[in-house]
Amino acid sequence: MEIHLVDGTYELFRYHYSPNNRDLDQGAARGVVNSMLQLVDDGATHVGVATDQVIESFRNDMWDDYKDGSGIDPQLKAQFPLVEEALEAFGFAVWPQVTHEADDGLAAGAALGRDDDRVERVIICTPDKDMAQLVGDKVVQWDRRQDKWYDVAGVQEKFGVLPESIPDYLGLVGDSADGFPGLPGWGAKSTAAVLARYVHIEDIPPAAGKWDITVRGGAKLAVTLQDHLDDALLFRTLATLQPDAPVSATVDDMSWTGPAAGCAAFAESMGAERLLERAERLASR
């Protein structure tokens with residue numbers, strides 16, 4: 001058995017800003033449903049979709065500048081509840097997040113799959129760099145748009161570090177999408193070189209003279225790290241996914257068996273009759 005875990009919020013953004021989207025009020029939600037049906041058409045049997053019901057999370061209490069949803073297109077934000085309703089109507093397991101983020105939902109779903117002996121592979125469907133920290137054992141990451149797959153070796157090739165170092169990596173280089181800056185001077189190459197050797201921030205020797213690797217500007221980087229160590233550890237915490245987010249109780253709850261009762265009326269209300277026809281065909285295979 002394989003399970004597919006999808007970042008529904010990412011998908012909603014992607015379809016809203018697609019050049020082919022001519023309905024800014026509902027087109028993105030229909031696009032996400034169609035995308036999930038395509039997964040099923042391609043062979044997916046168990047699908048979990050994590051969504052951000054609200055943008056804010058517990059991380060906003062930890063860092064004032066953490067992403068808060070300001071500036072989101074109102075027509076896009078209005079579809080946050082719509083896409084959840086649509087996915088449920090079409091029979092998909094949906095995990096709306098309020099105190100957590102969709103990324104945490106994916107982490108919880110990955111843990112659910114990892115702990116189930118029947119699951120042979122957990123496929124996380126998103127290009128989000130945060131997700132790389134979950135890769136390993138049975139878990140892989142799949143960028144569907146580019147059809148690129150990442151196992152542990154793939155993560156190392158892309159970032160230069162092991163999956164377990166991704167939160168440390170983001171803590172040092174920062175993540176502009178999430179609203180935390182990282183440390184001055186700690187760029188992608190220098191960070192990868194240091195963490196490839198020491199793995200975690202707290203294991204980096206405090207003085208570059210004690211490093212057993214050579215990194216350009218190492219002395220300055222070491223001073224910066226010591227001067228801003230608390231920030232680096234905080235940013236790492238912000239980047240660390242929390243697997244206690246609310247998701248399905250069991251893998252079986254993620255099984256897709258077709259549209260839910262009442263889907264016909266809902267599909268008509270959002271102009272998705274053709275999607276319903278497709279879903280019914282897939283369910284009858």
# chains A, B, ... in the order shown; residues from 1 in each chain; ligands from 1
>>> residues_around(residues="range 83-96 of chain A", least_positions_apart="6", cutoff="9 Å", atoms="only C-alpha atoms", output="number ranges by chain")
A: 8-9, 12, 26, 28-30, 32-33, 36-37, 46-54, 102, 105, 245-248, 253-264, 266-267, 270, 275-276, 279
>>> residues_around(residues="Asp61 in chain A", least_positions_apart="5", cutoff="12 Å", atoms="only C-alpha atoms", output="PyMOL selection string")
chain A and resi 56+66-68+99-100+234+238
>>> select_by_dssp(residues="range 32-268 of chain A", states="strand (DSSP E)", output="list in words")
His46, Val47, Gly48, Val49, Ala50, Thr51, Asp52, Ala93, Val94, Trp95, Pro96, Gln97, Arg121, Val122, Ile123, Ile124, Cys125, Val139, Val140, Gln141, Trp142, Asp143, Lys148, Trp149 and Tyr150 of chain A
>>> write_last_selection(atoms="N, CA and C atoms", output="tab-separated table (two decimals), in the first residue's frame")
chain	number	residue	atom	x	y	z
A	46	HIS	N	-5.01	5.84	-1.40
A	46	HIS	CA	-5.17	6.47	-0.09
A	46	HIS	C	-4.56	7.87	-0.16
A	47	VAL	N	-5.40	8.87	0.06
A	47	VAL	CA	-4.97	10.26	-0.11
A	47	VAL	C	-5.38	11.08	1.11
A	48	GLY	N	-4.44	11.85	1.63
A	48	GLY	CA	-4.72	12.78	2.72
A	48	GLY	C	-4.32	14.18	2.28
A	49	VAL	N	-5.23	15.14	2.43
A	49	VAL	CA	-4.97	16.51	2.01
A	49	VAL	C	-4.97	17.42	3.23
A	50	ALA	N	-3.84	18.01	3.53
A	50	ALA	CA	-3.73	18.96	4.65
A	50	ALA	C	-3.93	20.37	4.12
A	51	THR	N	-4.70	21.17	4.85
A	51	THR	CA	-4.98	22.54	4.44
A	51	THR	C	-4.76	23.50	5.59
A	52	ASP	N	-4.49	24.74	5.25
A	52	ASP	CA	-4.43	25.80	6.25
A	52	ASP	C	-5.82	26.44	6.32
A	93	ALA	N	-10.00	12.55	2.19
A	93	ALA	CA	-9.70	12.85	3.59
A	93	ALA	C	-9.02	14.22	3.66
A	94	VAL	N	-9.63	15.14	4.39
A	94	VAL	CA	-9.13	16.52	4.48
A	94	VAL	C	-8.76	16.81	5.92
A	95	TRP	N	-7.62	17.46	6.11
A	95	TRP	CA	-7.13	17.77	7.44
A	95	TRP	C	-6.94	19.28	7.59
A	96	PRO	N	-8.01	20.01	7.90
A	96	PRO	CA	-7.89	21.47	8.08
A	96	PRO	C	-7.10	21.79	9.35
A	97	GLN	N	-6.12	22.67	9.24
A	97	GLN	CA	-5.28	23.01	10.37
A	97	GLN	C	-5.61	24.42	10.88
A	121	ARG	N	5.11	2.73	1.14
A	121	ARG	CA	5.71	4.00	0.78
A	121	ARG	C	4.75	5.15	1.08
A	122	VAL	N	5.31	6.22	1.64
A	122	VAL	CA	4.57	7.46	1.90
A	122	VAL	C	5.09	8.50	0.91
A	123	ILE	N	4.20	9.03	0.09
A	123	ILE	CA	4.59	9.99	-0.94
A	123	ILE	C	4.05	11.36	-0.57
A	124	ILE	N	4.95	12.30	-0.28
A	124	ILE	CA	4.56	13.66	0.06
A	124	ILE	C	4.59	14.49	-1.22
A	125	CYS	N	3.41	14.96	-1.61
A	125	CYS	CA	3.26	15.62	-2.91
A	125	CYS	C	3.32	17.13	-2.77
A	139	VAL	N	9.46	7.23	3.49
A	139	VAL	CA	8.92	8.52	3.04
A	139	VAL	C	9.77	9.11	1.92
A	140	VAL	N	9.10	9.50	0.82
A	140	VAL	CA	9.76	10.21	-0.27
A	140	VAL	C	8.96	11.47	-0.57
A	141	GLN	N	9.61	12.40	-1.24
A	141	GLN	CA	8.95	13.65	-1.63
A	141	GLN	C	8.85	13.69	-3.15
A	142	TRP	N	7.71	14.17	-3.63
A	142	TRP	CA	7.44	14.20	-5.07
A	142	TRP	C	6.98	15.59	-5.48
A	143	ASP	N	7.76	16.23	-6.33
A	143	ASP	CA	7.37	17.49	-6.95
A	143	ASP	C	6.59	17.12	-8.20
A	148	LYS	N	9.74	15.36	-10.18
A	148	LYS	CA	11.02	15.06	-9.54
A	148	LYS	C	10.77	14.38	-8.21
A	149	TRP	N	11.53	13.32	-7.96
A	149	TRP	CA	11.39	12.54	-6.75
A	149	TRP	C	12.64	12.70	-5.88
A	150	TYR	N	12.41	12.75	-4.57
A	150	TYR	CA	13.53	12.92	-3.65
A	150	TYR	C	13.48	11.87	-2.54
>>> select_by_dssp(residues="range 109-143 of chain A", states="helix (DSSP H, G or I)", output="list in words")
Gly109, Ala110, Ala111, Leu112, Gly113, Arg114, Lys129, Asp130, Met131, Ala132, Gln133 and Leu134 of chain A
>>> residues_around(residues="range 178-186 of chain A", least_positions_apart="3", cutoff="8 Å", atoms="only C-alpha atoms", output="PDB file with C-alpha atoms, in the first residue's frame")
ATOM      1  CA  TRP A  63       8.165  35.075  16.111  1.00  0.00           C
ATOM      2  CA  ASP A  65       7.282  38.402  11.733  1.00  0.00           C
ATOM      3  CA  TYR A  66       6.158  34.860  10.988  1.00  0.00           C
ATOM      4  CA  LYS A  67       3.803  34.635   7.998  1.00  0.00           C
ATOM      5  CA  LEU A 170      16.591  26.670   7.319  1.00  0.00           C
ATOM      6  CA  GLY A 171      17.393  28.048  10.754  1.00  0.00           C
ATOM      7  CA  LEU A 172      20.715  29.333   9.426  1.00  0.00           C
ATOM      8  CA  VAL A 173      19.825  30.412   5.881  1.00  0.00           C
ATOM      9  CA  GLY A 174      16.290  31.547   6.737  1.00  0.00           C
ATOM     10  CA  ASP A 175      13.005  31.064   4.932  1.00  0.00           C
ATOM     11  CA  SER A 190      28.464  27.651   3.576  1.00  0.00           C
ATOM     12  CA  THR A 191      25.556  26.306   5.617  1.00  0.00           C
ATOM     13  CA  LEU A 221      30.476  32.726  10.393  1.00  0.00           C
ATOM     14  CA  THR A 224      27.959  35.335  13.923  1.00  0.00           C
ATOM     15  CA  LEU A 225      26.594  31.999  15.047  1.00  0.00           C
ATOM     16  CA  HIS A 228      22.996  34.955  17.330  1.00  0.00           C
ATOM     17  CA  ASP A 231      17.968  33.227  17.042  1.00  0.00           C
ATOM     18  CA  ALA A 232      19.336  30.296  15.062  1.00  0.00           C
ATOM     19  CA  PHE A 235      14.445  29.708  13.628  1.00  0.00           C
TER      20      PHE A 235
END
>>> closest_residue(among="A:Gly109, A:Gly218, A:Gly154, A:Pro74", to="Leu241 in chain A", atoms="only C-alpha atoms")
A:Gly109
